[in-house]
Each structure stands twice: as structure tokens, then as C-alpha cells.
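S.K.: So I've got this file, protein.csv, and it contains CSV, C-alpha atoms:
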chain,number,residue,atom,x,y,z
E,1,MET,CA,-31.2,-16.1,3.2
E,2,ALA,CA,-32.3,-16.4,-0.5
E,3,MET,CA,-30.7,-13.0,-1.2
E,4,ALA,CA,-27.5,-14.0,0.5
E,5,ALA,CA,-27.3,-17.3,-1.5
E,6,SER,CA,-27.8,-15.4,-4.8
E,7,PHE,CA,-25.0,-12.9,-4.4
E,8,LEU,CA,-22.6,-15.5,-3.0
E,9,HIS,CA,-22.8,-17.4,-6.3
E,10,GLN,CA,-22.0,-14.4,-8.4
E,11,PRO,CA,-18.6,-14.3,-10.1
E,12,LEU,CA,-15.8,-12.6,-8.1
E,13,PHE,CA,-15.2,-8.9,-8.8
E,14,PRO,CA,-18.0,-8.4,-11.3
E,15,LYS,CA,-17.6,-4.6,-11.2
E,16,TYR,CA,-13.8,-4.9,-11.7
E,17,PRO,CA,-13.2,-7.2,-14.7
E,18,PHE,CA,-9.5,-6.4,-14.7
E,19,LEU,CA,-9.2,-7.9,-11.2
E,20,LEU,CA,-9.9,-11.5,-12.3
E,21,HIS,CA,-7.1,-13.8,-11.1
E,22,LYS,CA,-4.4,-15.1,-13.5
E,23,SER,CA,-5.2,-12.4,-16.1
E,24,GLN,CA,-2.3,-11.0,-18.2
E,25,PHE,CA,-1.4,-7.3,-18.4
E,26,ILE,CA,-3.8,-5.8,-20.8
E,27,SER,CA,-5.3,-2.4,-21.4
E,28,ARG,CA,-7.8,-2.0,-18.7
E,29,PRO,CA,-10.6,0.5,-18.5
E,30,GLN,CA,-10.2,3.4,-16.1
E,31,ILE,CA,-12.3,3.3,-13.0
E,32,SER,CA,-14.7,6.1,-13.7
E,33,SER,CA,-15.4,8.7,-11.0
E,34,LEU,CA,-18.9,8.6,-9.7
E,35,PRO,CA,-21.0,11.7,-9.0
E,36,PHE,CA,-20.9,12.5,-5.3
E,37,PRO,CA,-21.6,15.4,-3.1
E,38,SER,CA,-18.7,17.9,-2.6
E,39,ARG,CA,-19.0,17.2,1.2
E,40,PHE,CA,-19.3,13.9,2.9
E,41,ARG,CA,-19.0,12.8,6.5
E,42,ALA,CA,-16.4,10.2,7.3
E,43,SER,CA,-16.9,8.3,10.6
E,44,SER,CA,-16.2,5.0,12.2
E,45,ALA,CA,-19.9,4.2,12.0
E,46,VAL,CA,-20.8,3.3,8.4
E,47,ALA,CA,-24.4,3.6,7.5
E,48,LEU,CA,-25.7,0.7,5.5
E,49,GLU,CA,-29.2,1.9,4.9
E,50,PRO,CA,-30.4,2.7,1.4
E,51,GLU,CA,-29.2,6.1,0.0
E,52,SER,CA,-31.6,8.6,-1.5
E,53,SER,CA,-29.2,9.4,-4.4
E,54,PRO,CA,-30.1,7.4,-7.5
E,55,GLN,CA,-26.5,7.2,-8.5
E,56,LEU,CA,-25.5,5.0,-5.6
E,57,ASN,CA,-25.7,1.2,-5.9
E,58,ASN,CA,-26.3,-0.5,-2.6
E,59,ASP,CA,-26.1,-4.1,-4.0
E,60,MET,CA,-23.8,-6.4,-2.2
E,61,ASP,CA,-20.7,-7.5,-4.2
E,62,PHE,CA,-17.3,-9.0,-3.7
E,63,ASP,CA,-14.7,-6.3,-3.5
E,64,LEU,CA,-11.0,-6.0,-4.4
E,65,PHE,CA,-10.1,-5.9,-0.7
E,66,SER,CA,-9.6,-9.1,1.3
E,67,CYS,CA,-9.9,-10.0,4.9
E,68,PRO,CA,-6.5,-9.7,6.7
E,69,VAL,CA,-7.4,-12.7,8.9
E,70,CYS,CA,-8.3,-15.3,6.3
E,71,TYR,CA,-7.5,-13.5,3.0
E,72,GLU,CA,-11.0,-14.2,1.6
E,73,PRO,CA,-12.5,-11.4,-0.6
E,74,LEU,CA,-14.6,-9.0,1.4
E,75,ILE,CA,-18.3,-8.5,0.6
E,76,ARG,CA,-19.1,-4.8,0.1
E,77,LYS,CA,-22.4,-3.1,0.6
E,78,GLY,CA,-22.5,0.5,-0.7
E,79,PRO,CA,-21.5,2.5,-3.8
E,80,PRO,CA,-19.0,0.8,-6.1
E,81,GLY,CA,-15.7,2.4,-7.1
E,82,LEU,CA,-12.1,2.8,-5.9
E,83,ASN,CA,-12.4,6.4,-4.6
E,84,LEU,CA,-12.5,8.1,-1.2
E,85,PRO,CA,-16.3,8.9,-0.9
E,86,ALA,CA,-17.5,5.5,-2.3
E,87,ILE,CA,-15.3,3.4,0.0
E,88,TYR,CA,-16.0,5.4,3.1
E,89,ARG,CA,-19.7,5.1,2.5
E,90,SER,CA,-19.5,1.4,2.2
E,91,GLY,CA,-19.5,-1.5,4.7
E,92,PHE,CA,-17.2,-4.5,4.3
E,93,LYS,CA,-17.6,-8.0,5.7
E,94,CYS,CA,-15.7,-11.3,5.4
E,95,LYS,CA,-18.0,-14.1,4.2
E,96,THR,CA,-15.8,-16.6,5.9
E,97,CYS,CA,-15.1,-15.3,9.4
E,98,ASN,CA,-17.9,-12.7,9.5
E,99,LYS,CA,-15.5,-9.9,10.6
E,100,SER,CA,-16.7,-6.5,9.6
E,101,TYR,CA,-14.6,-3.5,8.5
E,102,SER,CA,-15.5,0.1,8.1
E,103,SER,CA,-14.0,3.6,7.6
E,104,LYS,CA,-12.2,5.2,10.5
E,105,ASP,CA,-12.0,9.0,10.1
E,106,MET,CA,-10.5,9.4,6.6
E,107,TYR,CA,-9.4,5.9,5.8
E,108,LEU,CA,-10.5,2.3,5.7
E,109,ASP,CA,-9.1,0.3,8.5
E,110,LEU,CA,-8.2,-3.2,7.3
E,111,THR,CA,-5.9,-4.3,10.1
E,112,ILE,CA,-6.5,-7.5,12.1
E,113,THR,CA,-7.2,-5.3,15.2
E,114,ALA,CA,-9.8,-3.2,13.4
E,115,GLY,CA,-12.9,-2.9,15.6
E,116,SER,CA,-11.2,-4.1,18.7
E,117,LYS,CA,-12.0,-2.1,21.9
E,118,ALA,CA,-9.4,-3.1,24.4
E,119,TYR,CA,-6.5,-4.4,22.4
E,120,ASN,CA,-4.4,-2.2,20.1
E,121,GLU,CA,-1.0,-2.3,18.4
E,122,ALA,CA,0.9,1.0,18.0
E,123,GLN,CA,3.4,1.9,15.4
E,124,PRO,CA,7.0,1.3,16.7
E,125,VAL,CA,8.5,4.7,17.6
E,126,ARG,CA,11.6,4.0,15.5
E,127,THR,CA,9.5,3.8,12.4
E,128,GLU,CA,8.2,7.3,12.8
E,129,LEU,CA,11.7,8.6,13.7
E,130,PHE,CA,13.1,7.0,10.5
E,131,ARG,CA,10.6,8.9,8.4
E,132,LEU,CA,11.0,12.2,10.1
E,133,ALA,CA,14.7,12.3,10.8
E,134,SER,CA,16.2,11.0,7.6
E,135,ASN,CA,17.9,13.6,5.4
E,136,PHE,CA,17.0,12.3,2.0
E,137,ASN,CA,18.9,14.8,-0.1
E,138,LEU,CA,22.2,14.5,1.7
E,139,ARG,CA,22.1,10.7,1.4
E,140,GLY,CA,21.7,10.5,-2.3
E,141,PHE,CA,17.9,10.5,-2.9
E,142,PRO,CA,17.4,12.3,-6.3
E,143,GLY,CA,14.3,14.3,-5.3
E,144,PRO,CA,10.6,13.3,-5.5
E,145,ASP,CA,10.1,14.3,-9.2
E,146,GLU,CA,13.1,12.4,-10.5
E,147,GLU,CA,12.3,9.4,-8.2
E,148,PHE,CA,8.8,9.3,-9.5
E,149,LYS,CA,10.0,9.3,-13.1
E,150,MET,CA,12.4,6.4,-12.3
E,151,ALA,CA,9.6,4.4,-10.7
E,152,GLN,CA,7.2,5.0,-13.6
E,153,GLU,CA,9.9,3.5,-16.0
E,154,TYR,CA,10.0,0.4,-13.9
E,155,PHE,CA,6.1,0.2,-13.7
E,156,LYS,CA,5.5,0.5,-17.5
E,157,PRO,CA,4.4,-3.2,-17.7
E,158,ALA,CA,1.8,-2.5,-15.1
E,159,ALA,CA,0.2,0.4,-16.8
E,160,GLY,CA,-3.6,0.3,-16.6
E,161,GLY,CA,-3.6,-1.9,-13.6
E,162,LEU,CA,-4.0,-1.6,-9.8
E,163,LEU,CA,-1.0,-0.1,-7.9
E,164,VAL,CA,-0.6,-0.4,-4.1
E,165,ASP,CA,1.7,2.2,-2.5
E,166,VAL,CA,2.7,0.4,0.8
E,167,SER,CA,4.1,2.4,3.7
E,168,CYS,CA,2.9,5.4,1.8
E,169,GLY,CA,3.7,7.9,4.6
E,170,SER,CA,2.3,11.3,3.8
E,171,GLY,CA,1.2,10.0,0.4
E,172,LEU,CA,3.5,12.1,-1.8
E,173,PHE,CA,4.0,9.3,-4.3
E,174,SER,CA,0.5,7.9,-3.9
E,175,ARG,CA,-0.8,11.3,-5.1
E,176,LYS,CA,1.6,11.4,-8.0
E,177,PHE,CA,0.7,7.9,-9.1
E,178,ALA,CA,-3.0,8.7,-8.9
E,179,GLU,CA,-2.6,12.1,-10.7
E,180,SER,CA,-0.6,10.5,-13.5
E,181,GLY,CA,-3.7,8.6,-14.9
E,182,THR,CA,-1.4,5.6,-15.6
E,183,TYR,CA,-3.3,3.2,-13.3
E,184,SER,CA,-6.9,2.1,-13.0
E,185,GLY,CA,-6.6,2.5,-9.2
E,186,VAL,CA,-4.1,3.5,-6.5
E,187,VAL,CA,-4.3,2.3,-2.9
E,188,ALA,CA,-2.3,4.4,-0.4
E,189,LEU,CA,-1.5,2.0,2.4
E,190,ASP,CA,0.2,2.5,5.8
E,191,PHE,CA,0.0,1.2,9.3
E,192,SER,CA,0.5,4.6,10.9
E,193,GLU,CA,-2.7,6.5,11.5
E,194,ASN,CA,-0.7,9.7,11.8
E,195,MET,CA,0.7,9.2,8.3
E,196,LEU,CA,-2.7,8.5,6.8
E,197,HIS,CA,-4.1,11.6,8.5
E,198,GLN,CA,-1.3,13.6,6.8
E,199,CYS,CA,-2.0,11.9,3.5
E,200,TYR,CA,-5.7,12.9,3.7
E,201,ASP,CA,-4.8,16.5,4.7
E,202,PHE,CA,-2.6,16.9,1.6
E,203,ILE,CA,-5.3,15.4,-0.6
E,204,LYS,CA,-7.9,17.8,0.8
E,205,LYS,CA,-5.5,20.7,0.4
E,206,ASP,CA,-4.9,20.0,-3.2
E,207,ASN,CA,-8.5,19.0,-4.0
E,208,PRO,CA,-10.9,20.7,-1.6
E,209,SER,CA,-14.0,19.1,-3.3
E,210,LEU,CA,-12.3,15.6,-3.4
E,211,THR,CA,-13.4,15.3,-7.1
E,212,THR,CA,-10.2,15.2,-9.1
E,213,MET,CA,-7.4,13.1,-7.6
E,214,CYS,CA,-9.8,11.0,-5.5
E,215,SER,CA,-11.6,9.4,-8.4
E,216,ASN,CA,-9.1,6.5,-8.3
E,217,LEU,CA,-7.4,6.8,-4.9
E,218,ALA,CA,-8.2,5.1,-1.6
E,219,LEU,CA,-6.5,5.3,1.8
E,220,VAL,CA,-6.2,2.1,3.7
E,221,ARG,CA,-4.7,1.2,7.1
E,222,ALA,CA,-3.0,-2.2,7.0
E,223,ASP,CA,-0.1,-4.2,8.2
E,224,ILE,CA,2.7,-4.7,5.6
E,225,SER,CA,3.1,-8.3,6.9
E,226,ARG,CA,-0.7,-8.9,6.5
E,227,LEU,CA,-1.8,-7.2,3.3
E,228,PRO,CA,-5.6,-7.1,2.7
E,229,PHE,CA,-5.6,-8.4,-0.8
E,230,SER,CA,-6.2,-11.7,-2.4
E,231,SER,CA,-3.2,-13.6,-3.8
E,232,GLY,CA,-2.3,-12.6,-7.3
E,233,SER,CA,-4.7,-9.6,-7.4
E,234,VAL,CA,-2.4,-6.6,-7.7
E,235,ASP,CA,-0.4,-5.4,-10.7
E,236,ALA,CA,2.2,-3.1,-9.0
E,237,VAL,CA,3.5,-2.4,-5.5
E,238,HIS,CA,5.6,0.6,-4.6
E,239,ALA,CA,7.5,1.0,-1.3
E,240,GLY,CA,9.3,4.4,-1.1
E,241,ALA,CA,11.9,4.7,1.6
E,242,ALA,CA,10.2,1.9,3.5
E,243,LEU,CA,12.1,-1.3,3.6
E,244,HIS,CA,14.4,-0.1,6.5
E,245,CYS,CA,11.3,0.7,8.5
E,246,TRP,CA,9.8,-2.7,8.4
E,247,PRO,CA,10.1,-5.0,11.5
E,248,SER,CA,10.7,-8.0,9.2
E,249,PRO,CA,11.7,-7.1,5.6
E,250,SER,CA,11.5,-10.8,4.6
E,251,ASN,CA,7.9,-11.2,5.8
E,252,ALA,CA,6.9,-7.9,4.0
E,253,VAL,CA,8.5,-8.8,0.7
E,254,ALA,CA,6.9,-12.3,0.9
E,255,GLU,CA,3.5,-10.7,1.3
E,256,ILE,CA,4.2,-8.4,-1.6
E,257,THR,CA,5.0,-11.4,-3.7
E,258,ARG,CA,1.8,-13.1,-2.6
E,259,ILE,CA,-0.5,-10.3,-3.7
E,260,LEU,CA,1.3,-9.6,-7.0
E,261,ARG,CA,-0.2,-11.3,-10.0
E,262,SER,CA,2.2,-13.1,-12.4
E,263,GLY,CA,4.3,-10.5,-14.2
E,264,GLY,CA,3.5,-7.9,-11.4
E,265,ILE,CA,6.2,-5.3,-10.6
E,266,PHE,CA,7.7,-4.4,-7.2
E,267,VAL,CA,9.6,-1.2,-6.9
E,268,GLY,CA,11.3,0.0,-3.7
E,269,THR,CA,13.7,2.6,-2.4
E,270,THR,CA,15.7,2.6,0.8
E,271,PHE,CA,19.0,3.6,2.4
E,272,LEU,CA,21.9,1.2,1.9
E,273,ARG,CA,23.9,0.1,4.8
E,274,PRO,CA,27.6,1.0,4.5
E,275,ILE,CA,30.0,-2.0,4.3
E,276,TYR,CA,32.2,-1.5,7.3
E,277,THR,CA,35.6,-3.1,7.8
E,278,ASN,CA,37.4,-3.2,11.1
E,279,SER,CA,40.0,-0.7,9.8
E,280,SER,CA,37.2,1.8,9.1
E,281,ILE,CA,35.7,1.6,12.6
E,282,PRO,CA,37.3,3.3,15.6
E,283,ALA,CA,38.9,0.7,17.8
E,284,ILE,CA,36.7,1.7,20.8
E,285,LEU,CA,33.6,0.8,18.7
E,286,ARG,CA,34.7,-2.5,17.2
E,287,PRO,CA,33.4,-4.7,20.0
E,288,PHE,CA,29.9,-3.1,19.4
E,289,ARG,CA,30.0,-3.5,15.6
E,290,GLN,CA,27.8,-6.6,15.4
E,291,SER,CA,25.2,-5.3,17.8
E,292,ILE,CA,25.0,-2.0,16.0
E,293,LEU,CA,24.4,-3.8,12.7
E,294,GLN,CA,21.7,-6.1,14.2
E,295,THR,CA,19.7,-3.2,15.5
E,296,SER,CA,19.3,-1.6,12.0
E,297,ASN,CA,17.2,-2.8,9.1
E,298,TYR,CA,19.5,-1.1,6.6
E,299,LEU,CA,20.7,-3.7,4.1
E,300,THR,CA,23.5,-3.9,1.5
E,301,GLU,CA,22.6,-4.1,-2.2
E,302,LYS,CA,23.6,-7.8,-2.3
E,303,GLU,CA,21.3,-8.4,0.7
E,304,ILE,CA,18.3,-6.7,-1.0
E,305,GLU,CA,18.9,-8.7,-4.2
E,306,ASP,CA,19.1,-11.9,-2.2
E,307,LEU,CA,16.0,-11.0,-0.2
E,308,CYS,CA,14.0,-10.5,-3.4
E,309,ARG,CA,15.2,-13.8,-4.9
E,310,SER,CA,14.4,-15.7,-1.7
E,311,CYS,CA,10.9,-14.4,-1.9
E,312,ALA,CA,10.5,-15.8,-5.5
E,313,LEU,CA,10.9,-12.5,-7.3
E,314,ILE,CA,12.9,-12.5,-10.6
E,315,ASN,CA,14.4,-9.9,-13.0
E,316,TYR,CA,16.0,-7.9,-10.2
E,317,THR,CA,17.6,-4.6,-11.2
E,318,SER,CA,18.7,-1.5,-9.3
E,319,THR,CA,20.0,2.0,-9.5
E,320,ILE,CA,22.4,3.3,-6.8
E,321,GLN,CA,23.4,6.8,-5.9
E,322,GLN,CA,25.4,7.3,-2.7
E,323,SER,CA,23.4,5.5,-0.1
E,324,PHE,CA,20.2,5.6,-2.1
E,325,ILE,CA,19.0,2.6,-4.0
E,326,MET,CA,15.9,2.1,-6.2
E,327,PHE,CA,15.4,-1.6,-7.0
E,328,SER,CA,12.8,-3.5,-9.0
E,329,ALA,CA,11.8,-7.1,-9.2
E,330,GLN,CA,9.0,-9.1,-10.9
E,331,LYS,CA,6.8,-12.0,-9.9
E,332,ALA,CA,7.3,-15.0,-12.2
I need this file expressed as C-alpha cells, please.

M.R.:
Amino acid sequence: MAMAASFLHQPLFPKYPFLLHKSQFISRPQISSLPFPSRFRASSAVALEPESSPQLNNDMDFDLFSCPVCYEPLIRKGPPGLNLPAIYRSGFKCKTCNKSYSSKDMYLDLTITAGSKAYNEAQPVRTELFRLASNFNLRGFPGPDEEFKMAQEYFKPAAGGLLVDVSCGSGLFSRKFAESGTYSGVVALDFSENMLHQCYDFIKKDNPSLTTMCSNLALVRADISRLPFSSGSVDAVHAGAALHCWPSPSNAVAEITRILRSGGIFVGTTFLRPIYTNSSIPAILRPFRQSILQTSNYLTEKEIEDLCRSCALINYTSTIQQSFIMFSAQKA
């Protein structure tokens, strides 16, 4: 009990000074990669016993992740650092509700249902279909390299901070953000376990020893409407081709606003919904026009701007090419 009382009175995020609340954008130190074996075993059972390696620090500390149930910072036991081996060799526990979280296969599961045995929530089928079936090039998407450059321009005020790539899919942009060296840490986050497995496979293919890209990259399973971060703790959020996949875009953007710190940047891309008039729709389909629009989460550019403003984001700007839009907004 004495040990528990001592670490509970330590300041939040002692190992991550740039994660202190209400801080301004400043040049932050890079999270250094820790020495670790070229092979490690990831499993749902996380060992919390002392490690034999002298480099590993098994002290308990508050982590940058928060409980998705009560949003309190999680207590972490294990090696520090925002990288794959360190996180998956750590155990996490909420000091408020006592719920525990651990690694599952290749990623950290921070969903509300993490650890449940009977109850489970699957990814809606339409979300996977949106990602697999959409022809990005034919609909105006500029290509991953150009899109990445565009996003980096918007994210310049967040350089040196923590970036969360929500609905990361196979992790294409997560890997690019991590490789750029622009950010102190990158969290690739998705609710789909299939997508996170693909993301890990691509990382493993590019970095068999998990030593290069993974020094500042973590994979996390989480719900976009219940992000596992404290309010005002994230510098940048990216959502590539994602908004149209979210069950409730308003809940998702409100959550993004919550976790962004003052001045934080949100950048997203999606498909725009065409503005149909009765004259442009075949007469036989006009009675079904409203129901068709209601079953799709594609929005118009004006709706996206209004959505960002209604979620207390400012400085909205966008770039449009055919049905592709990249938009950016900032937390006041």
C-alpha cells in the first residue's frame, strides 16, 4: 500500500514532459528507441514479473493512454517508451475503475470491451467494404505520396508532438508519419482487428527486426467514439478516407476535439457526396432519393465545415479535387 501511495502522488507523465496538459507547441525531444531483442513474443497475457534485462524499467508510472471507460490516465507497469516492443511488454490499469488492459497479438486493445469473454462488438460490414471497394484514383484522390505531403503542410504547427492516426486501416499513412521523424510519437489506431493485423504485417515486412520505424510507433485498437486519451493531450489527429466510414461522424469529431490540446490540428480526407437535383436523378429513382442519402455517410463540403464548427473547431480550410476533399481544422 505504501508503494501504491507513493507512485499515485507522482506528477502525471513524468517520462513524457511534452505531454503535460495546457502546454504550447514547442520543440519536444524525440522519444528515443530503447534497446530490445530483435524478437519478442506478443500475446494477450502480459507478464508483469521483473525482467532480467537491465535496460528495462519496471516502475509503475502514469502513461499517455487513458481508460476508455472513465478517461483517467492508465497506470503502466513495464518498460517505458512509445514503441511496439515496450508497449506490448507492459501492463496497463486504470487507477479509478481498476480495469486492466494488455496487448492482444500485435496491438494494445483499449476498447471498452477489452478483456470481455462473452460480449463482443464486431466492425460493421459496410466499414470494411468502404475501405476495400472504393476506387481512390478514379474519384480524385491524388495518391499516397502527394496526399502525405499535403497533410504534412497542415501539420506543421504540430511538429515534434504526438500524432494519432485514427481509422488507420493498413497503416500506410501511420508508417509515413512515423518514418518522417516529424513527430515524437505516432499512434496507429483502428477498431478493426483485421486492419491492425495488416498494419503490423506491413511494418514487419519493412522492418523485420522492428528496430527502425517502431521506435516511435504504436498500434492500438480503440473506438473512434471513445478515444483512449486524456482531454487535451494530443497534438495532431489524422483521419484518412475515414469520415464516411464512421457510424456517427459528429460523435467522432467531438471526440477528436476533446483529445486535441489547444492549437492542435485535425486533418481528414473523405469522399464528397454529390449534390443531386431532381432533374439529375432518373424519375424512377426520385421517390427513393432521401432514403439513399440517409443510408450514406458521405457529406458535402459545406456539411463537413459545419460539422467541424459545431464541434468547436476553428480555422477550417479544405482542398477539393473531384470527389476528394482534404480538410483541416484547429482546436481553439

S.K.: Taking all atoms listed in the file into account, name the residue in E:Cys308, E:Glu147, E:Ala118, E:Asp206 that is nearest to Phe324 in chain E.

M.R.: E:Glu147

S.K.: Would you mind telling me which residue in E:Thr317, E:Gln152, E:Ser215, E:Gln198 lies nearest to Tyr107 in chain E when using all atoms listed in the file?

M.R.: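 Distance minimum relative to Tyr107 in chain E lands on E:Gln198.
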
S.K.: Figure out the distance between CA of Ile265 in chain E and CA of Ser66 in chain E, please, to one decimal in Å.

M.R.: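 If I compute the distance from CA of Ser66 in chain E to CA of Ile265 in chain E, I get 20.1 Å.
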
S.K.: Can you tell me how far CA of Leu74 in chain E sits from CA of Ser184 in chain E, in Å to one decimal?

M.R.: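 Atom-to-atom, CA of Leu74 in chain E and CA of Ser184 in chain E are spaced 19.7 Å apart.
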
S.K.: Have a look at CA of Ser233 in chain E and CA of Arg261 in chain E and let me know their distance in Å, one decimal.

M.R.: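 Separation of CA of Ser233 in chain E and CA of Arg261 in chain E: 5.5 Å.
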
S.K.: Looking at all atoms listed in the file, which of E:Lys95, E:Arg76, E:Lys205, E:Arg258 is the one that sits closest to Gln330 in chain E?

M.R.: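 When distances to Gln330 in chain E are compared using all atoms listed in the file, the smallest one comes from E:Arg258.
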
S.K.: With distances taken over only C-alpha atoms, which residue among E:Cys311, E:Val237, E:Val164, E:Val187 lies nearest Asn251 in chain E?

M.R.: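 Selected residue with least distance to Asn251 in chain E: E:Cys311.
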
S.K.: List as a ChimeraX atom specification the protein and nucleic acid residues near Asn297 in chain E, meaning an atom at most 9 Å away when all atoms listed in the file are counted, but skip any in the same chain fewer than 5 places from it.

M.R.: /E:243-249,273

S.K.: Please determine, counting only C-alpha atoms, which residue among E:Pro144, E:Pro228, E:Pro157, E:Gly91 has the shortest atom-to-atom distance to Gly263 in chain E.

M.R.: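 Answer, going by the shortest atom-to-atom distance: E:Pro157.
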
S.K.: Please tell me which residues are no farther than 10 Å from (-4.3, 13.2, 3.2) in the file, counting all atoms listed in the file, and write them as a ChimeraX atom specification.

M.R.: /E:106-107,169-172,175,188,194-206,219

S.K.: Write a file of the selected residues as a compact mmCIF listing (two decimals), keeping the file's coordinate frame, keeping C-alpha atoms.

M.R.:
# COMPACT_ATOMS: atom_id res chain seq x y z
CA MET E 106 -10.50 9.40 6.60
CA TYR E 107 -9.40 5.90 5.80
CA GLY E 169 3.70 7.90 4.60
CA SER E 170 2.30 11.30 3.80
CA GLY E 171 1.20 10.00 0.40
CA LEU E 172 3.50 12.10 -1.80
CA ARG E 175 -0.80 11.30 -5.10
CA ALA E 188 -2.30 4.40 -0.40
CA ASN E 194 -0.70 9.70 11.80
CA MET E 195 0.70 9.20 8.30
CA LEU E 196 -2.70 8.50 6.80
CA HIS E 197 -4.10 11.60 8.50
CA GLN E 198 -1.30 13.60 6.80
CA CYS E 199 -2.00 11.90 3.50
CA TYR E 200 -5.70 12.90 3.70
CA ASP E 201 -4.80 16.50 4.70
CA PHE E 202 -2.60 16.90 1.60
CA ILE E 203 -5.30 15.40 -0.60
CA LYS E 204 -7.90 17.80 0.80
CA LYS E 205 -5.50 20.70 0.40
CA ASP E 206 -4.90 20.00 -3.20
CA LEU E 219 -6.50 5.30 1.80

S.K.: I'd like the neighbourhood of Ala151 in chain E as a list in words, where a residue qualifies if any of its atoms comes within 9 Å (using all atoms listed in the file), though same-chain residues fewer than 2 positions away should be ignored.

M.R.: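 The neighbour list is Glu146, Glu147, Phe148, Lys149, Glu153, Tyr154, Phe155, Lys156, His238, Val267, Gly268, Met326 and Ser328 of chain E.
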
S.K.: Using all atoms listed in the file, determine which residues lie at most 12 Å from Cys70 in chain E, disregarding the query and same-chain residues fewer than 4 positions distant; provide the list as a short mmCIF file (atom, residue, chain, number, x, y, z; two decimals) with C-alpha atoms, keeping the file's coordinate frame.

M.R.:
data_model
loop_
_atom_site.label_atom_id
_atom_site.label_comp_id
_atom_site.auth_asym_id
_atom_site.auth_seq_id
_atom_site.Cartn_x
_atom_site.Cartn_y
_atom_site.Cartn_z
CA PHE E 65 -10.10 -5.90 -0.70
CA SER E 66 -9.60 -9.10 1.30
CA LEU E 74 -14.60 -9.00 1.40
CA LYS E 93 -17.60 -8.00 5.70
CA CYS E 94 -15.70 -11.30 5.40
CA LYS E 95 -18.00 -14.10 4.20
CA THR E 96 -15.80 -16.60 5.90
CA CYS E 97 -15.10 -15.30 9.40
CA ASN E 98 -17.90 -12.70 9.50
CA LYS E 99 -15.50 -9.90 10.60
CA THR E 111 -5.90 -4.30 10.10
CA ILE E 112 -6.50 -7.50 12.10
CA ARG E 226 -0.70 -8.90 6.50
CA LEU E 227 -1.80 -7.20 3.30
CA PRO E 228 -5.60 -7.10 2.70
CA PHE E 229 -5.60 -8.40 -0.80
CA SER E 230 -6.20 -11.70 -2.40
CA SER E 231 -3.20 -13.60 -3.80
#
